[in-house]
Structure formats: C-alpha cells, structure tokens
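Chemist: Sharing work.txt, compact mmCIF, C-alpha atoms and all ligand atoms:
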# COMPACT_ATOMS: atom_id res chain seq x y z
CA MET A 7 33.83 159.74 0.56
CA LYS A 8 31.92 159.96 -2.70
CA VAL A 9 33.83 160.16 -5.98
CA ASP A 10 32.21 161.58 -9.12
CA LYS A 11 34.15 160.39 -12.19
CA LYS A 12 34.11 161.46 -15.79
CA ILE A 13 36.34 160.14 -18.58
CA GLU A 14 37.41 162.95 -20.90
CA ASP A 15 37.98 162.63 -24.67
CA ASP A 16 41.75 162.23 -24.21
CA GLY A 17 41.31 159.36 -21.71
CA VAL A 18 42.08 161.48 -18.63
CA ILE A 19 39.84 160.72 -15.66
CA PHE A 20 38.36 163.83 -14.01
CA MET A 21 37.32 163.20 -10.40
CA SER A 22 35.58 165.28 -7.81
CA VAL A 23 35.87 163.85 -4.30
CA LYS A 24 33.04 164.79 -1.95
CA ASN A 25 32.60 164.21 1.76
CA SER A 26 29.10 162.80 1.26
CA GLU A 27 26.20 162.60 -1.16
CA GLU A 28 25.36 166.22 -0.33
CA GLY A 29 28.84 167.38 -1.28
CA ASN A 30 31.27 169.56 0.64
CA SER A 31 29.09 172.13 2.31
CA GLU A 32 31.26 173.97 4.86
CA LYS A 33 30.74 177.74 5.06
CA ILE A 34 33.64 180.16 5.52
CA ASN A 35 33.85 182.63 8.42
CA ASP A 36 36.25 185.57 8.83
CA GLU A 37 38.56 183.76 11.25
CA ASP A 38 38.88 180.69 9.01
CA VAL A 39 42.06 180.00 7.04
CA THR A 40 41.15 178.95 3.52
CA ILE A 41 43.93 177.46 1.40
CA LEU A 42 43.98 176.76 -2.32
CA ALA A 43 46.23 173.71 -2.74
CA ILE A 44 47.88 172.41 -5.91
CA GLU A 45 49.57 169.05 -6.59
CA SER A 46 51.34 167.91 -9.78
CA SER A 47 54.32 165.82 -8.66
CA CYS A 48 53.59 162.76 -10.80
CA ASP A 49 50.64 161.84 -13.03
CA GLU A 50 47.74 163.49 -11.20
CA SER A 51 46.91 167.17 -11.70
CA ALA A 52 45.00 168.16 -8.59
CA ALA A 53 43.54 171.21 -6.88
CA ALA A 54 41.60 171.55 -3.64
CA VAL A 55 40.21 174.17 -1.31
CA VAL A 56 40.79 173.30 2.35
CA LYS A 57 39.51 175.18 5.39
CA ASN A 58 41.47 175.17 8.67
CA GLY A 59 43.54 172.18 7.59
CA ARG A 60 40.81 169.59 8.02
CA GLU A 61 37.65 170.66 6.19
CA VAL A 62 37.83 169.86 2.50
CA LEU A 63 35.58 172.25 0.56
CA SER A 64 36.55 170.74 -2.79
CA ASN A 65 38.99 168.10 -4.02
CA ILE A 66 39.53 167.78 -7.77
CA ILE A 67 41.83 165.14 -9.28
CA SER A 68 42.62 164.79 -12.97
CA SER A 69 44.32 161.41 -13.38
CA GLN A 70 46.39 160.70 -16.48
CA ILE A 71 47.10 157.13 -15.44
CA SER A 72 45.41 155.60 -18.52
CA LEU A 73 47.70 157.63 -20.83
CA HIS A 74 50.80 156.06 -19.26
CA THR A 75 49.48 152.49 -19.06
CA ILE A 76 50.57 151.60 -22.60
CA TYR A 77 54.16 152.56 -21.72
CA GLY A 78 54.16 150.45 -18.54
CA GLY A 79 54.91 153.45 -16.32
CA VAL A 80 54.77 157.23 -16.10
CA VAL A 81 56.42 159.06 -19.03
CA PRO A 82 57.66 162.34 -17.48
CA GLU A 83 57.30 164.47 -20.59
CA ILE A 84 53.72 163.37 -21.25
CA ALA A 85 52.91 164.01 -17.58
CA SER A 86 54.26 167.59 -17.67
CA ARG A 87 52.40 168.42 -20.86
CA LYS A 88 49.11 167.07 -19.54
CA HIS A 89 49.52 169.07 -16.32
CA VAL A 90 49.87 172.22 -18.42
CA GLU A 91 46.61 171.37 -20.19
CA LYS A 92 44.62 170.30 -17.15
CA MET A 93 45.74 172.37 -14.18
CA ASN A 94 43.73 175.52 -14.83
CA GLY A 95 40.58 173.46 -15.28
CA CYS A 96 41.22 171.69 -11.97
CA ILE A 97 41.71 174.98 -10.14
CA ARG A 98 38.58 176.49 -11.71
CA ALA A 99 36.56 173.43 -10.70
CA ALA A 100 38.02 173.43 -7.16
CA LEU A 101 37.05 177.08 -6.61
CA ASP A 102 33.58 176.60 -8.12
CA GLU A 103 32.81 173.48 -6.11
CA ALA A 104 33.96 175.13 -2.91
CA ASN A 105 31.77 178.06 -3.84
CA VAL A 106 34.62 180.53 -3.31
CA THR A 107 36.50 183.03 -5.43
CA LEU A 108 40.23 183.83 -5.30
CA GLU A 109 39.30 186.70 -2.96
CA ASP A 110 38.31 184.19 -0.29
CA ILE A 111 41.71 182.44 -0.44
CA ASP A 112 44.17 183.19 2.41
CA ALA A 113 47.17 181.31 0.98
CA VAL A 114 48.24 179.24 -2.01
CA ALA A 115 49.98 175.92 -1.29
CA VAL A 116 51.80 173.68 -3.71
CA THR A 117 53.87 170.49 -3.73
CA TYR A 118 57.42 171.57 -4.60
CA GLY A 119 59.13 168.17 -4.17
CA PRO A 120 59.90 165.36 -4.34
CA GLY A 121 58.64 164.24 -7.74
CA LEU A 122 59.22 164.57 -11.47
CA VAL A 123 60.83 167.94 -12.06
CA GLY A 124 58.86 168.91 -15.16
CA ALA A 125 55.61 167.87 -13.51
CA LEU A 126 56.38 169.74 -10.27
CA LEU A 127 57.28 172.90 -12.18
CA VAL A 128 53.78 173.16 -13.63
CA GLY A 129 52.16 173.30 -10.18
CA VAL A 130 54.90 175.50 -8.73
CA SER A 131 54.58 178.06 -11.56
CA GLU A 132 50.80 178.04 -11.32
CA ALA A 133 50.85 178.56 -7.54
CA LYS A 134 53.38 181.38 -7.80
CA ALA A 135 51.33 183.14 -10.46
CA ILE A 136 48.13 182.95 -8.40
CA ALA A 137 49.82 183.97 -5.12
CA TYR A 138 51.39 186.92 -6.91
CA ALA A 139 48.15 187.97 -8.57
CA ILE A 140 46.10 187.89 -5.36
CA ASN A 141 49.00 189.07 -3.17
CA LYS A 142 48.63 186.23 -0.68
CA PRO A 143 51.23 183.97 0.95
CA LEU A 144 52.80 181.10 -0.96
CA ILE A 145 53.54 177.85 0.90
CA GLY A 146 55.64 175.00 -0.49
CA VAL A 147 54.69 171.55 0.76
CA HIS A 148 56.72 168.34 0.84
CA HIS A 149 54.73 165.69 -1.02
CA ILE A 150 55.22 163.05 1.68
CA GLU A 151 54.21 165.49 4.44
CA GLY A 152 51.06 165.88 2.37
CA HIS A 153 50.45 162.12 2.32
CA ILE A 154 50.91 161.96 6.11
CA SER A 155 48.54 164.91 6.58
CA ALA A 156 45.79 163.13 4.61
CA ASN A 157 45.10 161.40 7.93
CA PHE A 158 43.94 164.69 9.49
CA ILE A 159 41.08 165.12 7.01
CA GLU A 160 38.81 162.31 8.18
CA ASN A 161 40.15 162.01 11.73
CA LYS A 162 39.47 165.38 13.30
CA GLU A 163 40.74 164.15 16.68
CA LEU A 164 44.12 162.91 15.41
CA GLU A 165 47.03 164.96 16.76
CA PRO A 166 50.77 164.27 16.98
CA PRO A 167 52.63 162.39 18.31
CA PHE A 168 51.86 159.33 16.23
CA VAL A 169 53.74 156.77 14.15
CA CYS A 170 53.10 156.88 10.40
CA LEU A 171 53.96 154.29 7.77
CA VAL A 172 54.38 156.05 4.42
CA ALA A 173 54.38 153.67 1.46
CA SER A 174 54.05 155.07 -2.03
CA GLY A 175 55.52 154.59 -5.49
CA GLY A 176 58.70 156.45 -4.59
CA HIS A 177 58.95 156.15 -0.80
CA SER A 178 58.76 153.68 2.05
CA HIS A 179 59.32 155.46 5.34
CA LEU A 180 58.50 154.74 8.93
CA VAL A 181 58.15 158.08 10.64
CA VAL A 182 57.46 159.37 14.12
CA VAL A 183 55.33 162.49 13.65
CA LYS A 184 56.48 164.38 16.73
CA ASP A 185 54.50 167.53 16.06
CA TYR A 186 52.89 169.21 13.06
CA GLY A 187 55.65 169.40 10.44
CA GLU A 188 58.20 167.67 12.71
CA TYR A 189 59.25 164.24 11.62
CA GLU A 190 61.78 161.70 12.81
CA ILE A 191 62.48 159.09 10.16
CA ILE A 192 63.16 155.84 11.99
CA GLY A 193 63.16 153.53 8.97
CA GLN A 194 63.29 153.71 5.20
CA THR A 195 63.83 151.48 2.22
CA ARG A 196 67.35 150.50 1.22
CA ASP A 197 66.33 149.91 -2.39
CA ASP A 198 62.88 149.75 -4.02
CA ALA A 199 59.89 151.53 -2.52
CA ALA A 200 56.95 149.26 -1.65
CA GLY A 201 54.80 150.66 -4.48
CA GLU A 202 57.67 150.26 -6.92
CA ALA A 203 57.92 146.56 -5.98
CA PHE A 204 54.17 146.17 -6.54
CA ASP A 205 54.50 147.83 -9.97
CA LYS A 206 57.51 145.72 -11.05
CA VAL A 207 56.04 142.41 -9.93
CA ALA A 208 52.70 143.24 -11.58
CA ARG A 209 54.49 143.91 -14.86
CA ALA A 210 56.43 140.64 -14.58
CA ILE A 211 53.33 138.53 -14.03
CA GLY A 212 51.51 140.26 -16.88
CA LEU A 213 49.07 142.39 -14.90
CA GLY A 214 50.40 145.68 -16.32
CA TYR A 215 50.47 149.20 -14.92
CA PRO A 216 49.57 150.48 -12.35
CA GLY A 217 50.62 147.39 -10.46
CA GLY A 218 49.43 148.06 -6.92
CA PRO A 219 45.67 148.07 -7.49
CA LYS A 220 45.96 145.17 -9.95
CA ILE A 221 47.92 142.95 -7.55
CA ASP A 222 45.49 143.92 -4.77
CA LYS A 223 42.58 142.72 -6.92
CA ALA A 224 44.30 139.55 -8.18
CA ALA A 225 45.43 138.65 -4.64
CA LYS A 226 41.80 138.36 -3.56
CA GLU A 227 41.43 135.35 -5.89
CA GLY A 228 44.73 133.72 -4.89
CA ASN A 229 46.21 131.65 -2.07
CA PRO A 230 48.84 133.65 -0.11
CA ASP A 231 50.45 130.48 1.27
CA VAL A 232 51.46 128.86 -2.03
CA PHE A 233 54.85 130.63 -2.19
CA THR A 234 57.10 131.77 0.62
CA PHE A 235 58.95 134.78 -0.74
CA PRO A 236 61.81 136.14 1.41
CA GLN A 237 61.26 139.05 3.82
CA ALA A 238 64.52 140.91 4.26
CA LYS A 239 65.68 141.84 7.74
CA ILE A 240 68.36 144.49 7.98
CA ALA A 241 70.76 143.71 10.77
CA ASP A 242 71.90 147.19 11.75
CA ALA A 243 68.63 149.07 11.18
CA GLU A 244 65.61 147.23 12.50
CA TYR A 245 63.04 149.56 10.93
CA ASP A 246 64.56 149.77 7.45
CA PHE A 247 62.96 147.96 4.54
CA SER A 248 64.35 146.14 1.52
CA PHE A 249 62.07 144.94 -1.23
CA SER A 250 64.48 144.21 -4.06
CA GLY A 251 65.33 140.69 -2.83
CA LEU A 252 61.66 139.87 -2.60
CA LYS A 253 61.02 141.28 -6.06
CA SER A 254 63.99 139.32 -7.53
CA SER A 255 62.76 136.13 -5.92
CA VAL A 256 59.38 136.54 -7.65
CA LEU A 257 61.09 137.34 -10.97
CA ASN A 258 63.38 134.29 -10.64
CA TYR A 259 60.42 132.04 -9.99
CA ILE A 260 58.61 133.38 -13.06
CA ASN A 261 61.67 132.98 -15.32
CA GLN A 262 62.22 129.44 -14.12
CA ALA A 263 58.59 128.52 -14.63
CA LYS A 264 58.69 129.97 -18.15
CA MET A 265 61.90 128.08 -19.02
CA GLN A 266 60.35 124.84 -17.82
CA GLY A 267 57.22 125.60 -19.84
CA ASN A 268 55.04 125.75 -16.71
CA GLU A 269 52.02 128.00 -16.42
CA ILE A 270 52.23 130.68 -13.74
CA ASN A 271 49.30 131.31 -11.46
CA GLN A 272 48.98 135.11 -11.34
CA ALA A 273 46.57 135.14 -8.42
CA ASP A 274 48.68 132.89 -6.17
CA ILE A 275 51.86 134.85 -6.93
CA ALA A 276 50.05 138.15 -6.34
CA ALA A 277 48.60 136.93 -3.05
CA SER A 278 51.90 135.47 -1.80
CA PHE A 279 53.90 138.55 -2.84
CA GLN A 280 51.39 140.92 -1.26
CA LYS A 281 51.42 138.89 1.96
CA ALA A 282 55.23 139.12 2.16
CA VAL A 283 55.24 142.92 1.67
CA VAL A 284 52.31 143.56 3.98
CA GLU A 285 53.71 141.43 6.82
CA VAL A 286 56.99 143.38 6.83
CA LEU A 287 55.22 146.75 6.74
CA VAL A 288 52.89 145.78 9.58
CA ASP A 289 55.60 144.14 11.70
CA HIS A 290 57.87 147.20 11.56
CA SER A 291 55.02 149.61 12.29
CA ILE A 292 53.69 147.74 15.32
CA ARG A 293 57.19 147.27 16.78
CA ALA A 294 57.90 150.97 16.34
CA CYS A 295 54.73 151.89 18.27
CA SER A 296 55.75 149.62 21.09
CA GLN A 297 59.38 150.78 21.24
CA TYR A 298 58.47 154.47 21.11
CA GLY A 299 55.55 154.03 23.50
CA ILE A 300 53.09 155.56 21.03
CA LYS A 301 49.56 154.18 20.84
CA LYS A 302 48.52 155.84 17.58
CA LEU A 303 49.46 154.50 14.15
CA ALA A 304 48.57 156.03 10.77
CA ILE A 305 49.26 154.87 7.22
CA ALA A 306 49.76 157.01 4.13
CA GLY A 307 50.66 156.92 0.43
CA GLY A 308 49.31 154.90 -2.50
CA VAL A 309 50.16 151.51 -0.94
CA ALA A 310 48.08 152.49 2.11
CA SER A 311 45.02 151.87 -0.05
CA ASN A 312 46.00 148.17 -0.29
CA SER A 313 43.20 146.08 1.18
CA GLY A 314 45.55 143.39 2.56
CA LEU A 315 47.64 146.02 4.38
CA ARG A 316 44.56 147.77 5.81
CA GLU A 317 43.12 144.46 7.04
CA LEU A 318 46.25 143.11 8.74
CA MET A 319 47.18 146.51 10.22
CA GLU A 320 43.69 146.89 11.66
CA LYS A 321 43.88 143.46 13.28
CA GLU A 322 47.38 143.93 14.71
CA CYS A 323 46.54 147.38 16.03
CA ALA A 324 43.44 146.01 17.76
CA ASP A 325 45.47 143.13 19.26
CA ASN A 326 48.11 145.56 20.54
CA GLY A 327 45.81 148.28 21.89
CA ILE A 328 46.89 150.78 19.20
CA GLN A 329 44.46 153.29 17.64
CA PHE A 330 44.63 152.81 13.86
CA TYR A 331 44.12 155.69 11.39
CA ARG A 332 43.88 155.36 7.61
CA PRO A 333 42.62 157.76 4.99
CA SER A 334 39.91 156.64 2.55
CA PRO A 335 41.65 155.01 -0.46
CA VAL A 336 41.06 158.09 -2.68
CA LEU A 337 42.93 160.22 -0.12
CA CYS A 338 45.85 157.72 0.02
CA THR A 339 46.79 158.24 -3.64
CA ASP A 340 47.89 161.65 -4.93
CA ASN A 341 45.48 164.54 -4.30
CA ALA A 342 45.65 168.22 -3.36
CA ALA A 343 43.42 168.10 -0.26
CA MET A 344 46.31 166.48 1.63
CA ILE A 345 48.62 169.30 0.47
CA GLY A 346 46.13 171.86 1.84
CA ALA A 347 46.02 169.98 5.16
CA ALA A 348 49.82 170.01 5.52
CA ALA A 349 50.06 173.64 4.40
CA TYR A 350 47.65 174.85 7.08
CA TYR A 351 50.04 173.89 9.90
CA GLU A 352 52.96 175.52 8.06
CA TYR A 353 50.82 178.65 7.58
CA LYS A 354 50.05 178.75 11.32
CA LYS A 355 53.79 178.54 12.08
CA GLY A 356 54.43 181.52 9.82
CA VAL A 357 56.17 179.62 7.05
CA ARG A 358 56.11 181.71 3.87
CA PHE A 359 57.95 180.97 0.63
CA GLY A 360 59.32 183.64 -1.65
CA MET A 361 58.74 184.11 -5.35
CA ASP A 362 62.02 182.30 -5.95
CA MET A 363 60.53 178.98 -4.85
CA ASN A 364 61.68 176.23 -7.20
CA ALA A 365 60.84 172.56 -7.71
CA VAL A 366 63.16 170.23 -5.75
CA PRO A 367 62.80 166.75 -7.30
CA ASN A 368 64.72 164.92 -4.53
CA LEU A 369 63.61 167.01 -1.54
CA PRO A 370 64.30 164.99 1.63
CA LEU A 371 61.57 164.61 4.25
CA GLY A 372 61.83 166.87 7.26
CA ASP A 373 64.88 168.71 5.98
CA ARG A 374 63.92 172.19 7.14
CA GLU A 375 67.28 173.71 6.27
CA ARG A 376 66.98 172.64 2.66
CA ARG A 377 63.33 173.52 2.53
CA PHE A 378 63.85 177.09 3.57
CA HIS A 379 66.76 177.55 1.25
CA ALA A 380 64.76 176.10 -1.59
CA GLY A 381 62.21 178.81 -1.15
CA LYS A 382 64.21 181.43 0.81
CA HIS A 383 62.03 181.52 3.88
CA SER A 384 61.04 185.07 3.32
CA ASN A 385 58.07 187.24 4.05
CA SER A 386 58.27 188.99 0.75
CA MET A 387 54.60 188.21 0.13
CA ASN A 388 52.69 189.09 3.31
O1 LIG B 401 51.22 157.94 -3.39
P1 LIG B 401 51.07 157.57 -4.80
O2 LIG B 401 49.73 157.77 -5.46
O3 LIG B 401 52.14 158.30 -5.68
C1 LIG B 401 53.45 158.49 -5.22
O4 LIG B 401 53.67 159.46 -4.47
O5 LIG B 401 54.29 157.61 -5.55
O6 LIG B 401 51.48 156.02 -4.90
C2 LIG B 401 51.47 155.33 -6.08
C3 LIG B 401 51.93 153.90 -5.77
C4 LIG B 401 52.08 153.06 -7.03
O7 LIG B 401 53.30 152.34 -6.94
C5 LIG B 401 50.88 152.13 -6.96
O8 LIG B 401 51.11 150.86 -7.57
C6 LIG B 401 50.71 151.97 -5.45
O9 LIG B 401 50.96 153.25 -4.93
N1 LIG B 401 49.34 151.56 -5.12
C7 LIG B 401 49.03 150.41 -4.50
C8 LIG B 401 47.63 150.35 -4.44
N2 LIG B 401 47.12 151.48 -5.01
C9 LIG B 401 48.19 152.22 -5.42
N3 LIG B 401 49.84 149.44 -4.03
C10 LIG B 401 49.24 148.37 -3.46
N4 LIG B 401 47.90 148.23 -3.38
C11 LIG B 401 47.06 149.17 -3.85
N5 LIG B 401 45.74 149.02 -3.76
ZN ZN B 402 52.24 160.42 -3.71
Please go through the file and, once you have read it, give me the structure as structure tokens.
Ligand code: KG4
Ligand code: ZN
Modeler:
Amino acid sequence: MKVDKKIEDDGVIFMSVKNSEEGNSEKINDEDVTILAIESSCDESAAAVVKNGREVLSNIISSQISLHTIYGGVVPEIASRKHVEKMNGCIRAALDEANVTLEDIDAVAVTYGPGLVGALLVGVSEAKAIAYAINKPLIGVHHIEGHISANFIENKELEPPFVCLVASGGHSHLVVVKDYGEYEIIGQTRDDAAGEAFDKVARAIGLGYPGGPKIDKAAKEGNPDVFTFPQAKIADAEYDFSFSGLKSSVLNYINQAKMQGNEINQADIAASFQKAVVEVLVDHSIRACSQYGIKKLAIAGGVASNSGLRELMEKECADNGIQFYRPSPVLCTDNAAMIGAAAYYEYKKGVRFGMDMNAVPNLPLGDRERRFHAGKHSNSMN
C-alpha cells in the first residue's frame, strides 16, 4: 500500500491510499458491482470506491486526529463539525481517483453504528442523500464488520470460516466468521477495549494521544521483561478479555513511583504493558482456532496495526500451522474501503436499507434483528 499524505491548513491530514506506485487502476465492466462507501463513526472522514468487494479503486481518509490531540481524546462535537466540512471533499476525491462518476455507482454504503452519534449522522445523511439522488440502493454497514472485512482487500483467497480478533478503540472481540455477514462472538472485553487501555496508559506515562501508535513506538526502545503486569483470566468465559486490572496496575506503579520521587522509564513501561496485552490477545486467538478446528486467523481494528501483536501472532500461527491474515496498517485503522468490502456481501444477499435508516451508536455486532429494524429492511429504493 502506498499512502499519499497532505496536511491541510486546519491541521487535518488528507490521505489517499493506493494499491501501488501506479495507483488503483482497475477498470469497471457491466457485471461488476461498484460501491461508493462512506465512514464517519469517529475522527476519520472517509470515502472509497470498491469493486466486487475486494478491488479498491480509491480510498480517501481525512484524519482529524491532530485536532483532538490537545484534548487528550476525541471531542465528539469537533468531530461532527469537521465531518460536515470534509465529507464532500472526500467523496469528490474518491470518485475522481477511481475515475468514475455517480452514474457508475451501483450502491451507496455507509457505517451506521457503532460510533459517536453526531459523527455517524454526517455519513448517514450524506449516503442517504446520494442514494436518493442517483436512485440506487442504500446499505448500512456495522463498523466492526467493516474492520473484519478489511482482511478481504489484500487477501483475495480468504473466505469464511475463519477466526478474527477485533481490537480497536471501542471493541475487543474474538469472533468466528462463519460466513459473509455471519458472526459468532466467542469472547469480548468485560471492561476496557484493548485500544482504550493503550490510550489510557499512554496518557498516564506522558506519551499523549493517540496512545496506541505512541506506545508501539516507545516499546521498541524498552525492555518488556522489566515489569510483570497482571493478565486477567476470566473463570467462566475463557475467551473474554479484561484490561482494566492491567491498566490500574500500570497506573498504581506510576503513582507510587511519583510519590517516592522516582523517575519512570516510559519505554520499559510501554514495552512491558504492550507485552501483557499482546500475549493475552494472541493466547485467546490461537486457543480459539484450535478449539473450533479452524486453521485461518485474521486480525482487525486499530490495535491490529500494533507491531508487537503482528509479530507474536505471526510466530504463533506459524508454530501452530494456522494461516495468518492481517490488513496493511492503514487498512486496520478507520477507512471506507473496508466498509465497501463488507457492503458488497450484504448487497449480494439482497440487503437494502430504507430512507429511514438512522445512526445506531451502540449497534451490537451480528444483531440482524436490530439491524433490519434500524433501517427497516425494505426495498423501497431498488
Ligand atoms: O479501529 P480504530 O481506528 O477506531 C475504532 O474503531 O476505535 O482504532 C483506534 C484505536 C485507538 O485506541 C488507538 O490507540 C489504537 O486503535 N491503535 C493502536 C495502534 N494504532 C492504533 N494500538 C496499538 N498499537 C498501534 N500501533
Ligand atoms: Zn474503527
């Protein structure tokens, strides 16, 4: 993947993700399904054009992350307002880079949950307006299904069933992907999501926001064996996660060190903390593959771009005869190409959302009942 970056006057980073130096050069034929996908669930405004679920013709991401850094986290109101400013530009760029017009688009897909409600509503309204104007189907996509589907983009041969570890800022799920759009959640976090723990620990040790990439970088300079932070095991649910004890243990250590006037070593704490998180994530994932008799394991979500996780997972998969799939780091964090990939399989199943589709900030994964009610599974548009 090649990422062209430009910093705009307001500090927003405009990115165009290309398959190679030559760009995204797929041509469209009559039988192809070409989807315009939109994502705005958190602090990235994104638009992409995706052909047949796996060929990304364009992938535009406008990241506001630098605007939120001074507040130590995403400020929902600022995020919504920036989406309003940036989304049309992203869509324009996505169409231009794909060398298509709205006439070439077969369906419009959008993340409708989970996420920040004000942020989601920008994408949802935009998608509805475009679908209405071009009289083409509208497809609502679950954000986490999007993250999982990011694996299809660079691994054309990957098909369900497979096990997928989803670890992002809001979610930590271990999922069996039984078929396209069919998920069995076998484990989830009892408290903090993995990314949330990275963000909180980073803030506590003075690395700032966003924590994940900063801890990842600091950990490379540190010794992971200096501290042994606790890894929670949950007695009655062997695939569930809990990161709050681990986070508290790091915070307690830091407070104690400060009270005693001792210096803290950021790199060693980062490395030891990352090791503790990564080992739990890898252990649960490999055990799930073995128990379910599945020899394919994928990772997804922002934390899936963590270099320590990618390294250990690769090694353990190789040792256990499991095929390991991971998206390029830029496809692990929020983007619209993954939403287009997920939407394609929904489109093929005949899923169509009505013009009453709304944002659902706490939309559960795999909850078809809720999903169809949220958008009244209707064929009112094609
Ligand atoms: O998937 P994502 O972009 O947004 C959500 O859907 O939440 O994930 C963002 C999360 C943040 O908590 C961020 O700190 C974490 O992913 N993250 C990382 C890394 N890059 C992003 N965590 C660990 N290591 C990284 N390299
Ligand atoms: Zn995400």
Chemist: Measuring between only C-alpha atoms, which one of A:Ser46, A:Ser313, A:Asn58, A:Asn65 shows the shortest distance to A:Val130?
Modeler: A:Ser46
Chemist: Do you know which residues are at most 10 Å from A:Ser69 counting all atoms listed in the file, after dropping those on the same chain fewer than 6 positions away, and could you put them as a list in words?
Modeler: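 Here the qualifying residues turn out to be Ile13, Gly17, Val18, Ile19, Phe20, Met21, Cys48, Asp49, Glu50, Ser51, Ala52, Ala85, Lys88, His89, Lys92, Asp340 and Asn341 of chain A.
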Chemist: Sorted by chain and rising residue number, list the residues of chain A at most 12 Å from ligand ZN 402 (chain B) (counting only C-alpha atoms and all ligand atoms), each with its closest atom pair and distance in Å to one decimal, as a tab-separated table.
Modeler:
residue	atom	partner	partner_atom	distance
A:Glu45	CA	B:ZN402	ZN	9.5
A:Ser46	CA	B:ZN402	ZN	9.7
A:Ser47	CA	B:ZN402	ZN	7.6
A:Cys48	CA	B:ZN402	ZN	7.6
A:Asp49	CA	B:ZN402	ZN	9.6
A:Glu50	CA	B:ZN402	ZN	9.3
A:Ser51	CA	B:ZN402	ZN	11.7
A:Ala52	CA	B:ZN402	ZN	11.7
A:Thr117	CA	B:ZN402	ZN	10.2
A:Gly119	CA	B:ZN402	ZN	10.4
A:Pro120	CA	B:ZN402	ZN	9.1
A:Gly121	CA	B:ZN402	ZN	8.5
A:Leu122	CA	B:ZN402	ZN	11.2
A:His148	CA	B:ZN402	ZN	10.2
A:His149	CA	B:ZN402	ZN	6.4
A:Ile150	CA	B:ZN402	ZN	6.7
A:Glu151	CA	B:ZN402	ZN	9.8
A:Gly152	CA	B:ZN402	ZN	8.3
A:His153	CA	B:ZN402	ZN	6.5
A:Ile154	CA	B:ZN402	ZN	10.0
A:Ser155	CA	B:ZN402	ZN	11.8
A:Ala156	CA	B:ZN402	ZN	10.9
A:Val172	CA	B:ZN402	ZN	9.5
A:Ala173	CA	B:ZN402	ZN	8.8
A:Ser174	CA	B:ZN402	ZN	5.9
A:Gly175	CA	B:ZN402	ZN	6.9
A:Gly176	CA	B:ZN402	ZN	7.6
A:His177	CA	B:ZN402	ZN	8.5
A:Ser178	CA	B:ZN402	ZN	11.0
A:Ala199	CA	B:ZN402	ZN	11.8
A:Gly201	CA	B:ZN402	ZN	10.1
A:Glu202	CA	B:ZN402	ZN	12.0
A:Ala306	CA	B:ZN402	ZN	8.9
A:Gly307	CA	B:ZN402	ZN	5.6
A:Gly308	CA	B:ZN402	ZN	6.4
A:Val309	CA	B:ZN402	ZN	9.6
A:Ala310	CA	B:ZN402	ZN	10.7
A:Ser311	CA	B:ZN402	ZN	11.8
A:Val336	CA	B:ZN402	ZN	11.5
A:Leu337	CA	B:ZN402	ZN	10.0
A:Cys338	CA	B:ZN402	ZN	7.9
A:Thr339	CA	B:ZN402	ZN	5.9
A:Asp340	CA	B:ZN402	ZN	4.7
A:Asn341	CA	B:ZN402	ZN	7.9
A:Ala342	CA	B:ZN402	ZN	10.2
A:Met344	CA	B:ZN402	ZN	10.0
A:Ile345	CA	B:ZN402	ZN	10.5
Chemist: What's the separation between atom CA of A:Ala43 and atom CA of A:Val169, in Å to one decimal place?
Modeler: 25.1 Å
Chemist: Quick check, in Å to one decimal: how far apart do atom CA of A:Asp198 and atom CA of A:Gly124 lie?
Modeler: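 Result for atom CA of A:Asp198 versus atom CA of A:Gly124: 22.5 Å, one decimal.
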Chemist: Do a neighbour search on stretch 98-103 of chain A at 9 Å with all atoms listed in the file, toss out local chain neighbours closer than 3 positions, and write the hits as a list in words.
Modeler: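 That gives Ser22, Gly29, Asn30, Leu42, Ala52, Ala53, Ala54, Val55, Leu63, Ser64, Asn65, Ile66, Met93, Asn94, Gly95, Val106, Thr107 and Leu108 of chain A.
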Chemist: Please provide the set of residues having any atom within 12 Å of A:Pro166, restricted to all atoms listed in the file, with same-chain residues fewer than 4 positions apart removed, written as a list in words.
Modeler: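 With the cut-off at 12 Å, the set is Ile154, Ser155, Asn157, Phe158, Lys162, Cys170, Val181, Val182, Val183, Lys184, Asp185, Tyr186, Gly187, Glu188, Tyr189, Ile300, Lys301, Lys302, Leu303, Ala304 and Tyr351 of chain A.
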Chemist: From the set A:Asp110, A:Thr195, A:Glu132, A:Tyr245, which residue has the shortest atom-to-atom contact distance to A:Gln297, counting only C-alpha atoms?
Modeler: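 Closest candidate: A:Tyr245.
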Chemist: With distances taken over only C-alpha atoms and all ligand atoms, which residue among A:Glu352, A:Glu317, A:Asp222, A:Asp16 lies nearest ligand LIG 401 (chain B)?
Modeler: A:Asp222
